[in-house]
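To be precise, the following lines are coords.cif, and they hold mmCIF, C-alpha atoms.
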```
data_my_file
#
loop_
_atom_site.label_atom_id
_atom_site.label_comp_id
_atom_site.auth_asym_id
_atom_site.auth_seq_id
_atom_site.Cartn_x
_atom_site.Cartn_y
_atom_site.Cartn_z
CA MET C 1 122.66 64.26 176.19
CA ASN C 2 125.96 64.18 177.97
CA PRO C 3 127.00 67.77 178.83
CA VAL C 4 130.36 67.59 177.06
CA ARG C 5 128.72 66.48 173.81
CA LYS C 6 126.03 69.10 174.23
CA LYS C 7 128.70 71.76 174.53
CA ARG C 8 130.44 70.51 171.41
CA LEU C 9 127.13 70.42 169.55
CA ILE C 10 126.51 74.06 170.48
CA VAL C 11 130.04 74.99 169.37
CA VAL C 12 129.49 73.30 165.99
CA PHE C 13 126.20 75.16 165.51
CA MET C 14 127.84 78.40 166.51
CA ILE C 15 130.59 77.90 163.92
CA ALA C 16 128.03 77.20 161.22
CA PHE C 17 125.79 80.14 162.14
CA GLY C 18 128.72 82.49 162.64
CA ALA C 19 130.14 81.65 159.23
CA ALA C 20 126.69 81.98 157.64
CA THR C 21 126.16 85.40 159.24
CA ILE C 22 129.55 86.72 158.14
CA VAL C 23 129.14 85.50 154.58
CA GLY C 24 125.53 86.67 154.48
CA LEU C 25 126.51 90.20 155.50
CA MET C 26 129.37 90.23 153.02
CA LEU C 27 127.10 89.16 150.20
CA PHE C 28 124.52 91.73 151.27
CA ALA C 29 127.17 94.47 151.16
CA LEU C 30 128.45 93.29 147.80
CA SER C 31 125.09 92.35 146.33
CA GLU C 32 125.06 94.85 143.45
CA ASN C 33 128.65 94.12 142.50
CA LEU C 34 127.98 90.41 142.25
CA ASN C 35 125.77 90.90 139.22
CA LEU C 36 127.60 89.75 136.16
CA PHE C 37 125.89 92.34 133.98
CA PHE C 38 123.70 95.45 133.94
CA THR C 39 120.20 95.21 132.51
CA PRO C 40 118.97 97.78 129.94
CA SER C 41 116.69 99.26 132.64
CA GLN C 42 119.64 99.81 134.97
CA ILE C 43 121.44 101.59 132.14
CA ALA C 44 118.38 103.73 131.40
CA ASN C 45 118.32 104.70 135.09
CA GLY C 46 121.94 105.77 134.86
CA GLU C 47 123.17 103.08 137.24
CA ALA C 48 125.95 101.96 134.91
CA PRO C 49 129.18 104.00 134.68
CA LEU C 50 130.10 105.58 131.34
CA GLU C 51 133.39 104.78 129.59
CA LYS C 52 134.17 101.95 131.97
CA ARG C 53 134.45 98.28 131.17
CA ILE C 54 131.12 96.72 132.08
CA ARG C 55 128.87 93.92 130.94
CA ILE C 56 125.29 94.30 129.86
CA GLY C 57 122.73 91.57 129.32
CA GLY C 58 119.33 91.30 127.74
CA LEU C 59 117.35 89.91 124.83
CA VAL C 60 118.24 90.82 121.26
CA LEU C 61 115.27 92.83 119.95
CA GLU C 62 113.52 91.30 116.94
CA ASP C 63 114.42 92.92 113.58
CA SER C 64 117.09 95.08 115.18
CA VAL C 65 120.24 93.38 113.86
CA SER C 66 121.91 95.28 111.05
CA ARG C 67 125.28 94.58 109.48
CA VAL C 68 127.62 96.93 107.68
CA LYS C 69 128.23 95.73 104.09
CA THR C 70 131.94 95.18 104.54
CA GLY C 71 133.69 93.97 107.65
CA LEU C 72 132.28 92.33 110.73
CA VAL C 73 130.61 95.34 112.31
CA VAL C 74 127.14 94.55 113.52
CA GLU C 75 124.66 96.71 115.38
CA PHE C 76 121.66 95.51 117.34
CA VAL C 77 119.39 96.53 120.18
CA ILE C 78 119.06 94.63 123.42
CA THR C 79 116.03 94.92 125.62
CA ASP C 80 114.53 93.67 128.87
CA ASN C 81 111.06 94.51 127.54
CA VAL C 82 111.22 97.84 129.41
CA SER C 83 114.25 99.72 128.11
CA HIS C 84 116.48 99.41 125.07
CA VAL C 85 120.22 99.78 124.56
CA THR C 86 121.96 99.90 121.18
CA VAL C 87 125.03 97.67 120.96
CA ASN C 88 127.82 98.04 118.45
CA TYR C 89 130.12 95.07 117.95
CA GLU C 90 132.89 94.09 115.60
CA GLY C 91 133.70 90.41 115.55
CA ILE C 92 132.28 86.95 115.15
CA LEU C 93 129.02 86.31 116.99
CA PRO C 94 128.48 83.02 118.87
CA ASP C 95 126.40 80.29 117.20
CA LEU C 96 123.49 80.84 119.53
CA PHE C 97 123.23 84.55 118.73
CA ARG C 98 119.88 85.32 117.14
CA GLU C 99 117.01 87.72 117.50
CA GLY C 100 115.01 87.04 120.63
CA GLN C 101 117.98 85.28 122.25
CA GLY C 102 119.52 86.40 125.56
CA ILE C 103 123.07 87.70 125.32
CA VAL C 104 125.71 89.20 127.57
CA ALA C 105 128.09 91.75 126.03
CA ASN C 106 131.37 93.02 127.43
CA GLY C 107 132.50 96.55 126.56
CA ARG C 108 132.04 100.25 127.29
CA LEU C 109 129.06 102.55 127.31
CA ASN C 110 129.93 105.74 125.37
CA GLN C 111 128.62 109.29 125.88
CA GLN C 112 125.87 108.76 123.29
CA GLY C 113 124.50 105.84 125.29
CA VAL C 114 125.66 103.30 122.70
CA PHE C 115 127.33 100.22 124.08
CA VAL C 116 130.55 99.42 122.22
CA ALA C 117 131.13 95.72 122.79
CA ASP C 118 134.34 93.82 122.31
CA GLU C 119 132.90 90.45 123.33
CA VAL C 120 129.41 89.01 122.89
CA LEU C 121 128.35 85.87 124.76
CA ALA C 122 125.10 84.01 124.22
CA LYS C 123 123.09 83.28 127.33
CA HIS C 124 121.23 80.03 127.21
CA ASP C 125 117.95 79.69 129.07
CA GLU C 126 116.85 76.67 131.08
CA ASN C 127 114.54 75.31 128.38
CA TYR C 128 115.50 72.39 126.19
CA MET C 129 113.44 71.08 123.31
CA PRO C 130 113.83 68.70 120.40
CA PRO C 131 113.68 70.50 117.00
CA GLU C 132 110.48 68.68 115.99
CA ALA C 133 108.65 69.94 119.08
CA MET C 134 109.78 73.50 118.35
CA GLU C 135 108.57 73.13 114.75
CA ALA C 136 105.19 71.80 115.88
CA MET C 137 104.80 74.64 118.34
CA LYS C 138 105.62 77.23 115.71
CA ASN C 139 103.13 75.70 113.31
CA ALA C 140 100.44 75.87 115.94
CA GLY C 141 101.19 79.57 116.33
CA HIS C 142 102.36 79.01 119.86
CA PRO C 143 105.44 80.98 120.83
CA MET C 144 107.58 79.50 123.60
CA GLU C 145 106.92 82.26 126.10
CA GLU C 146 103.21 81.47 126.21
CA GLU C 147 103.94 77.82 126.88
CA LYS C 148 105.28 78.57 130.38
CA MET W 149 113.58 50.80 171.33
CA TRP W 150 116.27 52.92 172.98
CA ALA W 151 118.40 49.84 173.55
CA LEU W 152 118.16 49.04 169.85
CA VAL W 153 119.23 52.55 168.85
CA LYS W 154 122.11 52.33 171.26
CA GLU W 155 123.20 48.96 169.97
CA TYR W 156 123.01 50.20 166.38
CA TYR W 157 125.00 53.29 167.33
CA HIS W 158 127.78 51.23 168.87
CA LYS W 159 127.79 48.71 166.06
CA PHE W 160 127.87 51.33 163.35
CA GLY W 161 130.61 53.17 165.12
CA SER W 162 132.74 50.06 165.11
CA PRO W 163 135.15 49.87 162.17
CA LYS W 164 135.01 46.09 162.14
CA HIS W 165 131.25 46.04 161.82
CA PHE W 166 131.34 48.77 159.18
CA TYR W 167 133.88 46.74 157.22
CA GLU W 168 131.78 43.59 157.36
CA LEU W 169 128.53 45.38 156.50
CA THR W 170 129.93 47.36 153.56
CA GLY W 171 131.59 44.19 152.24
CA LYS W 172 128.11 42.71 151.89
CA LEU W 173 126.54 45.93 150.60
CA LEU W 174 129.14 46.75 147.94
CA PRO W 175 127.75 44.67 145.04
CA TRP W 176 124.25 46.07 145.70
CA PHE W 177 125.58 49.53 144.87
CA ALA W 178 128.27 48.69 142.32
CA ILE W 179 125.99 46.71 139.99
CA PRO W 180 123.19 49.33 139.81
CA ALA W 181 125.88 52.01 139.35
CA VAL W 182 127.29 50.27 136.28
CA LEU W 183 123.81 49.49 134.91
CA CYS W 184 122.50 53.04 135.36
CA LEU W 185 125.62 54.67 133.96
CA VAL W 186 125.70 52.43 130.88
CA VAL W 187 121.96 52.71 130.18
CA GLY W 188 121.86 56.44 130.96
CA SER W 189 124.87 57.42 128.87
CA VAL W 190 123.90 55.32 125.83
CA TRP W 191 120.32 56.61 126.04
CA GLY W 192 121.31 60.20 126.65
CA LEU W 193 124.26 60.43 124.29
CA ALA W 194 122.86 58.41 121.39
CA PHE W 195 119.07 58.23 121.54
CA ALA W 196 117.72 61.36 123.23
CA PRO W 197 116.66 64.01 120.70
CA ALA W 198 119.03 66.91 119.98
CA ASP W 199 118.16 70.38 121.26
CA TYR W 200 116.54 72.78 118.78
CA GLN W 201 119.14 75.49 119.47
CA GLN W 202 122.27 73.81 120.74
CA GLY W 203 122.10 70.69 118.62
CA ASN W 204 124.12 67.84 120.05
CA SER W 205 126.30 69.87 122.39
CA PHE W 206 123.52 69.90 124.98
CA ARG W 207 124.21 66.19 125.58
CA ILE W 208 127.13 67.08 127.83
CA MET W 209 124.38 67.88 130.34
CA TYR W 210 124.07 64.12 130.99
CA ILE W 211 127.59 64.21 132.43
CA HIS W 212 127.58 67.75 133.81
CA VAL W 213 124.31 68.03 135.75
CA PRO W 214 124.61 64.83 137.82
CA ALA W 215 128.29 65.62 138.57
CA ALA W 216 127.43 69.08 139.86
CA SER W 217 124.48 67.87 141.91
CA LEU W 218 126.48 65.00 143.39
CA ALA W 219 129.44 67.25 144.20
CA MET W 220 127.14 69.41 146.33
CA SER W 221 125.45 66.45 148.03
CA VAL W 222 128.83 64.92 148.84
CA TYR W 223 129.88 68.19 150.46
CA VAL W 224 126.83 68.21 152.73
CA MET W 225 127.37 64.56 153.64
CA MET W 226 131.05 65.19 154.38
CA ALA W 227 130.29 68.20 156.59
CA VAL W 228 127.57 66.29 158.49
CA ALA W 229 129.90 63.32 159.00
CA GLY W 230 132.60 65.74 160.16
CA ALA W 231 130.19 67.35 162.63
CA ILE W 232 129.15 63.95 164.00
CA GLY W 233 132.83 63.11 164.41
CA LEU W 234 133.42 66.39 166.24
CA ILE W 235 130.48 66.08 168.61
CA TRP W 236 130.21 62.38 169.37
CA LYS W 237 133.86 61.51 168.68
CA ILE W 238 132.96 58.61 166.43
CA LYS W 239 136.06 57.45 164.56
CA MET W 240 133.96 55.95 161.78
CA ALA W 241 132.38 59.33 160.98
CA ASP W 242 135.83 60.90 160.69
CA MET W 243 136.94 58.17 158.31
CA VAL W 244 133.83 58.57 156.15
CA ALA W 245 134.33 62.36 156.01
CA LYS W 246 137.97 61.92 155.04
CA SER W 247 137.14 59.37 152.33
CA ALA W 248 134.37 61.52 150.85
CA ALA W 249 136.58 64.57 150.20
CA PRO W 250 138.60 63.32 147.19
CA ILE W 251 135.46 61.89 145.55
CA GLY W 252 133.65 65.20 145.95
CA ALA W 253 136.64 67.11 144.60
CA ALA W 254 136.77 64.84 141.54
CA PHE W 255 133.08 65.38 140.76
CA THR W 256 133.39 69.15 141.27
CA LEU W 257 136.28 69.21 138.82
CA LEU W 258 134.26 67.10 136.37
CA ALA W 259 131.35 69.54 136.59
CA LEU W 260 133.63 72.53 136.03
CA VAL W 261 135.45 70.96 133.10
CA THR W 262 132.32 69.70 131.32
CA GLY W 263 130.71 73.08 131.94
CA ALA W 264 133.65 74.84 130.30
CA ILE W 265 133.54 72.49 127.32
CA TRP W 266 129.82 73.22 126.92
CA GLY W 267 130.29 76.94 127.50
CA LYS W 268 132.72 77.41 124.63
CA PRO W 269 130.28 76.54 121.80
CA THR W 270 127.13 77.72 123.60
CA TRP W 271 128.15 80.95 125.30
CA GLY W 272 131.27 81.69 123.30
CA THR W 273 133.62 81.47 126.27
CA TRP W 274 135.26 78.75 128.35
CA TRP W 275 134.92 80.61 131.60
CA VAL W 276 133.20 83.68 132.97
CA TRP W 277 133.43 85.00 136.53
CA ASP W 278 129.72 84.84 137.25
CA ALA W 279 128.31 83.90 140.64
CA ARG W 280 127.48 80.26 139.80
CA LEU W 281 130.81 79.40 138.24
CA THR W 282 132.82 81.23 140.88
CA SER W 283 130.98 79.68 143.84
CA MET W 284 131.48 76.23 142.29
CA LEU W 285 135.20 76.99 141.99
CA VAL W 286 135.21 78.03 145.65
CA MET W 287 133.75 74.61 146.48
CA LEU W 288 136.60 72.93 144.59
CA PHE W 289 139.08 74.98 146.65
CA LEU W 290 137.27 73.98 149.85
CA TYR W 291 137.57 70.31 148.89
CA VAL W 292 141.26 70.78 148.08
CA GLY W 293 141.75 72.61 151.40
CA ILE W 294 140.09 69.77 153.30
CA ILE W 295 142.18 67.13 151.51
CA SER W 296 145.38 69.06 152.30
CA LEU W 297 144.38 69.58 155.94
CA GLN W 298 143.74 65.84 156.26
CA ALA W 299 147.21 65.17 154.87
CA SER W 300 149.09 67.78 156.87
CA PHE W 301 148.55 66.42 160.39
CA ASP W 302 150.42 63.52 161.90
CA SER W 303 147.61 62.61 164.23
CA ALA W 304 144.39 61.42 162.65
CA LYS W 305 142.45 63.06 165.47
CA SER W 306 143.62 66.62 164.87
CA ALA W 307 143.37 66.14 161.10
CA ALA W 308 139.73 65.09 161.48
CA LYS W 309 138.97 67.95 163.84
CA SER W 310 140.42 70.74 161.72
CA SER W 311 139.03 69.49 158.44
CA ALA W 312 135.58 69.04 160.00
CA VAL W 313 135.63 72.67 161.13
CA LEU W 314 136.63 73.82 157.64
CA ALA W 315 133.92 71.63 156.09
CA ILE W 316 131.27 73.10 158.41
CA VAL W 317 132.36 76.68 157.68
CA GLY W 318 132.31 75.88 153.96
CA LEU W 319 128.68 74.78 154.19
CA VAL W 320 127.62 78.42 153.72
CA ASN W 321 128.80 78.14 150.13
CA LEU W 322 126.09 75.59 149.26
CA PRO W 323 123.04 77.86 149.28
CA ILE W 324 125.17 80.37 147.37
CA ILE W 325 125.86 77.83 144.63
CA LYS W 326 122.24 76.73 144.53
CA TYR W 327 120.60 80.17 144.48
CA SER W 328 123.33 82.18 142.72
CA VAL W 329 121.41 81.95 139.46
CA ASP W 330 118.29 83.42 141.10
CA TRP W 331 119.90 86.08 143.30
CA TRP W 332 122.16 87.67 140.71
CA ASN W 333 122.37 88.15 136.97
CA THR W 334 124.54 85.27 135.83
CA LEU W 335 125.49 83.88 132.47
CA HIS W 336 124.63 80.43 133.77
CA GLN W 337 120.95 79.65 133.22
CA SER W 338 118.65 78.90 136.15
CA ALA W 339 117.64 75.39 137.13
CA SER W 340 115.74 73.28 134.60
CA PHE W 341 114.46 71.07 137.41
CA THR W 342 112.64 72.42 140.42
CA VAL W 343 110.46 70.81 143.05
CA SER W 344 107.46 73.01 142.23
CA ASP W 345 107.44 73.17 138.43
CA LYS W 346 107.51 70.53 135.77
CA PRO W 347 110.93 70.10 134.11
CA ALA W 348 111.78 72.59 131.36
CA MET W 349 112.32 69.79 128.86
CA PRO W 350 110.34 66.83 127.52
CA PRO W 351 110.53 63.34 129.14
CA GLU W 352 112.60 61.86 126.30
CA MET W 353 115.29 64.35 127.32
CA TYR W 354 115.05 64.24 131.11
CA LEU W 355 114.49 60.50 131.67
CA PRO W 356 118.06 59.59 130.65
CA LEU W 357 119.24 62.36 132.93
CA ILE W 358 117.38 60.85 135.88
CA VAL W 359 118.96 57.46 135.13
CA MET W 360 122.37 59.14 135.06
CA VAL W 361 121.72 60.89 138.38
CA PHE W 362 120.93 57.52 139.99
CA GLY W 363 124.04 56.05 138.37
CA TYR W 364 126.22 58.82 139.80
CA TYR W 365 124.80 58.44 143.32
CA PHE W 366 125.25 54.67 143.26
CA LEU W 367 128.77 55.18 141.95
CA PHE W 368 129.48 57.58 144.79
CA ALA W 369 128.19 55.12 147.40
CA THR W 370 130.37 52.38 145.89
CA LEU W 371 133.49 54.56 145.79
CA LEU W 372 132.88 55.89 149.30
CA MET W 373 132.57 52.38 150.73
CA MET W 374 135.67 51.18 148.91
CA ILE W 375 137.82 54.11 150.02
CA THR W 376 136.51 53.97 153.60
CA ARG W 377 137.27 50.24 153.76
CA CYS W 378 140.88 50.94 152.77
CA GLU W 379 141.03 53.68 155.38
CA ILE W 380 139.75 51.28 158.05
CA LEU W 381 142.33 48.63 157.18
CA GLU W 382 145.08 51.24 157.29
CA ARG W 383 144.06 52.62 160.67
CA GLU W 384 143.22 49.33 162.34
CA VAL W 385 146.23 47.53 160.94
CA ARG W 386 147.37 46.47 164.40
CA SER W 387 144.12 44.77 165.33
CA ARG W 388 143.71 41.02 165.00
CA TRP W 389 140.66 41.10 162.74
CA VAL W 390 142.57 43.13 160.15
CA ALA W 391 145.36 40.59 160.25
CA ARG W 392 142.78 37.90 159.46
CA VAL W 393 141.43 39.98 156.55
CA LEU W 394 144.88 40.57 155.17
CA LEU W 395 145.65 36.84 155.37
CA ASN W 396 142.43 36.21 153.45
CA ARG W 397 140.83 34.31 156.31
CA PRO W 398 137.14 34.69 157.19
CA LEU W 399 136.42 37.47 159.66
CA LYS W 400 134.64 35.30 162.18
CA LYS W 401 136.47 32.46 163.86
CA ASN W 402 134.84 29.10 163.25
#
```
Kindly present the structure from the file in structure tokens form.
Amino acid sequence: MNPVRKKRLIVVFMIAFGAATIVGLMLFALSENLNLFFTPSQIANGEAPLEKRIRIGGLVLEDSVSRVKTGLVVEFVITDNVSHVTVNYEGILPDLFREGQGIVANGRLNQQGVFVADEVLAKHDENYMPPEAMEAMKNAGHPMEEEK
Amino acid sequence: MWALVKEYYHKFGSPKHFYELTGKLLPWFAIPAVLCLVVGSVWGLAFAPADYQQGNSFRIMYIHVPAASLAMSVYVMMAVAGAIGLIWKIKMADMVAKSAAPIGAAFTLLALVTGAIWGKPTWGTWWVWDARLTSMLVMLFLYVGIISLQASFDSAKSAAKSSAVLAIVGLVNLPIIKYSVDWWNTLHQSASFTVSDKPAMPPEMYLPLIVMVFGYYFLFATLLMMITRCEILEREVRSRWVARVLLNRPLKKN
């Protein structure tokens, strides 16, 4: 290759690698802060700050949702199959909210370790299925997790 | 062999040859684009089964997923074309890189907007600052930066040079977009399609999506050729062959 072009090729590679290194180091330094939410295990380990606005994410534990008779207050437990966190929320839940579903809640963790949420978002997983297939799988006693 | 490569290199680098070649190629991309997009959207939006949880709102995936995937591919292509222009000083590569930027920006915007529309009913929010959404927004800003750089120089040479450098630097964002859902906790779900595993949905749901992906890529090729052809005519306006084109005469003298 002609030496001038070779030099330019090296410069281009150096730009690309330099940028990649800088961004890589930045992401490495920021890595924990780039998580959108804390998991219940992180909260159990005391990694999440108390009384500060944070997000937590996990699966809604089966049979844990309880509603107060009047008003919109709802309490449920979220889990990552290792630790549990109780969430208290007043408001309208998204359509996809149900037991066993992943959610992300925005709010504060109080001194008692209860998460007081002011926003609940449903997290959708990467699986899509027609309703008939889901029905057939349920009838066969075949929960989705085992399918994978 | 080497002579052939060299001849091809010179021919492909020539705007006139590029113009002639793409003129012949255009219908071969435009017709499949229309076919795939019509078949894919009718199939996906009307005939594919609804999702058991999301109902019909999942169908926006047939617009969203190919747009996002194409937006990223266009970025890589634009950066590679920019690098070729920088290193080998091929004018054609600069023109292709310049023409690709607005198309990529449009598809990035489409992916962001359709994602927001899907996010409202599914997640309960239009937007969330998670790693996937934010890195995609950064890509939109990169595209906008490149388009503005291209427009802010009087000389085409310096415009091409500076925007190619920005495009190459911006390449680091691509693995971040792709792997953000695996590296960090995000609200955005991880990929439903991977090279190693079978798709996380049945064929009657993913086949229309594949048709749509092909439609989008054909559409991109068509748009890129059309915009690049305009760019060539604009830049080579003083040459005699362009005069012949503009007067609607055949390119070759008979």
Exercise. Output the contact residues of chain C with respect to chain W at a cut-off of 10 Å, based on all atoms listed in the file, as a PyMOL selection string.
Key: chain C and resi 2+4-13+15-24+27+31-39+56-57+92-97+102-104+119-135+148
Generate the output file for the selected residues, C-alpha atoms, as a PDB file, keeping the file's coordinate frame.
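out.pdb was written with the following content:
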```pdb
ATOM      1  CA  ASN C   2     125.960  64.180 177.970  1.00  0.00           C
ATOM      2  CA  VAL C   4     130.360  67.590 177.060  1.00  0.00           C
ATOM      3  CA  ARG C   5     128.720  66.480 173.810  1.00  0.00           C
ATOM      4  CA  LYS C   6     126.030  69.100 174.230  1.00  0.00           C
ATOM      5  CA  LYS C   7     128.700  71.760 174.530  1.00  0.00           C
ATOM      6  CA  ARG C   8     130.440  70.510 171.410  1.00  0.00           C
ATOM      7  CA  LEU C   9     127.130  70.420 169.550  1.00  0.00           C
ATOM      8  CA  ILE C  10     126.510  74.060 170.480  1.00  0.00           C
ATOM      9  CA  VAL C  11     130.040  74.990 169.370  1.00  0.00           C
ATOM     10  CA  VAL C  12     129.490  73.300 165.990  1.00  0.00           C
ATOM     11  CA  PHE C  13     126.200  75.160 165.510  1.00  0.00           C
ATOM     12  CA  ILE C  15     130.590  77.900 163.920  1.00  0.00           C
ATOM     13  CA  ALA C  16     128.030  77.200 161.220  1.00  0.00           C
ATOM     14  CA  PHE C  17     125.790  80.140 162.140  1.00  0.00           C
ATOM     15  CA  GLY C  18     128.720  82.490 162.640  1.00  0.00           C
ATOM     16  CA  ALA C  19     130.140  81.650 159.230  1.00  0.00           C
ATOM     17  CA  ALA C  20     126.690  81.980 157.640  1.00  0.00           C
ATOM     18  CA  THR C  21     126.160  85.400 159.240  1.00  0.00           C
ATOM     19  CA  ILE C  22     129.550  86.720 158.140  1.00  0.00           C
ATOM     20  CA  VAL C  23     129.140  85.500 154.580  1.00  0.00           C
ATOM     21  CA  GLY C  24     125.530  86.670 154.480  1.00  0.00           C
ATOM     22  CA  LEU C  27     127.100  89.160 150.200  1.00  0.00           C
ATOM     23  CA  SER C  31     125.090  92.350 146.330  1.00  0.00           C
ATOM     24  CA  GLU C  32     125.060  94.850 143.450  1.00  0.00           C
ATOM     25  CA  ASN C  33     128.650  94.120 142.500  1.00  0.00           C
ATOM     26  CA  LEU C  34     127.980  90.410 142.250  1.00  0.00           C
ATOM     27  CA  ASN C  35     125.770  90.900 139.220  1.00  0.00           C
ATOM     28  CA  LEU C  36     127.600  89.750 136.160  1.00  0.00           C
ATOM     29  CA  PHE C  37     125.890  92.340 133.980  1.00  0.00           C
ATOM     30  CA  PHE C  38     123.700  95.450 133.940  1.00  0.00           C
ATOM     31  CA  THR C  39     120.200  95.210 132.510  1.00  0.00           C
ATOM     32  CA  ILE C  56     125.290  94.300 129.860  1.00  0.00           C
ATOM     33  CA  GLY C  57     122.730  91.570 129.320  1.00  0.00           C
ATOM     34  CA  ILE C  92     132.280  86.950 115.150  1.00  0.00           C
ATOM     35  CA  LEU C  93     129.020  86.310 116.990  1.00  0.00           C
ATOM     36  CA  PRO C  94     128.480  83.020 118.870  1.00  0.00           C
ATOM     37  CA  ASP C  95     126.400  80.290 117.200  1.00  0.00           C
ATOM     38  CA  LEU C  96     123.490  80.840 119.530  1.00  0.00           C
ATOM     39  CA  PHE C  97     123.230  84.550 118.730  1.00  0.00           C
ATOM     40  CA  GLY C 102     119.520  86.400 125.560  1.00  0.00           C
ATOM     41  CA  ILE C 103     123.070  87.700 125.320  1.00  0.00           C
ATOM     42  CA  VAL C 104     125.710  89.200 127.570  1.00  0.00           C
ATOM     43  CA  GLU C 119     132.900  90.450 123.330  1.00  0.00           C
ATOM     44  CA  VAL C 120     129.410  89.010 122.890  1.00  0.00           C
ATOM     45  CA  LEU C 121     128.350  85.870 124.760  1.00  0.00           C
ATOM     46  CA  ALA C 122     125.100  84.010 124.220  1.00  0.00           C
ATOM     47  CA  LYS C 123     123.090  83.280 127.330  1.00  0.00           C
ATOM     48  CA  HIS C 124     121.230  80.030 127.210  1.00  0.00           C
ATOM     49  CA  ASP C 125     117.950  79.690 129.070  1.00  0.00           C
ATOM     50  CA  GLU C 126     116.850  76.670 131.080  1.00  0.00           C
ATOM     51  CA  ASN C 127     114.540  75.310 128.380  1.00  0.00           C
ATOM     52  CA  TYR C 128     115.500  72.390 126.190  1.00  0.00           C
ATOM     53  CA  MET C 129     113.440  71.080 123.310  1.00  0.00           C
ATOM     54  CA  PRO C 130     113.830  68.700 120.400  1.00  0.00           C
ATOM     55  CA  PRO C 131     113.680  70.500 117.000  1.00  0.00           C
ATOM     56  CA  GLU C 132     110.480  68.680 115.990  1.00  0.00           C
ATOM     57  CA  ALA C 133     108.650  69.940 119.080  1.00  0.00           C
ATOM     58  CA  MET C 134     109.780  73.500 118.350  1.00  0.00           C
ATOM     59  CA  GLU C 135     108.570  73.130 114.750  1.00  0.00           C
ATOM     60  CA  LYS C 148     105.280  78.570 130.380  1.00  0.00           C
TER      61      LYS C 148
END
```
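Computed from the coordinates, the atom CA of W:Lys172 to atom CA of W:Trp389 distance equals 16.7 Å.
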Quiz item: What's the 12 Å shell around C:Val68, counting only C-alpha atoms, without same-chain residues fewer than 4 positions away, as a ChimeraX atom specification?
Solution: /C:72-76,88-91
Next, write the just-selected residues to a file, as a short mmCIF file (atom, residue, chain, number, x, y, z; two decimals), in the coordinates of the input, keeping C-alpha atoms as the atom set.
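File produced: selection-v2.cif:
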```
data_model
loop_
_atom_site.label_atom_id
_atom_site.label_comp_id
_atom_site.auth_asym_id
_atom_site.auth_seq_id
_atom_site.Cartn_x
_atom_site.Cartn_y
_atom_site.Cartn_z
CA LEU C 72 132.28 92.33 110.73
CA VAL C 73 130.61 95.34 112.31
CA VAL C 74 127.14 94.55 113.52
CA GLU C 75 124.66 96.71 115.38
CA PHE C 76 121.66 95.51 117.34
CA ASN C 88 127.82 98.04 118.45
CA TYR C 89 130.12 95.07 117.95
CA GLU C 90 132.89 94.09 115.60
CA GLY C 91 133.70 90.41 115.55
#
```
Quiz item: By how many Å are atom CA of W:Arg377 and atom CA of W:Val390 apart?
Solution: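 Atom CA of W:Arg377 sits 10.9 Å away from atom CA of W:Val390.
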Practice problem: For the structure shown, which residues end up in the PyMOL selection byres ((chain W and resi 160-171) around 12)? Put them as an MDAnalysis selection string, please? | Solution: chainID W and resid 152:159 172:178 229 232:233 236:244 369:385 387:393 398:400
Self-check item: One-decimal distance in Å that lies between atom CA of W:Val286 and atom CA of W:Ala216
Solution: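 These atoms are spaced 13.2 Å apart.
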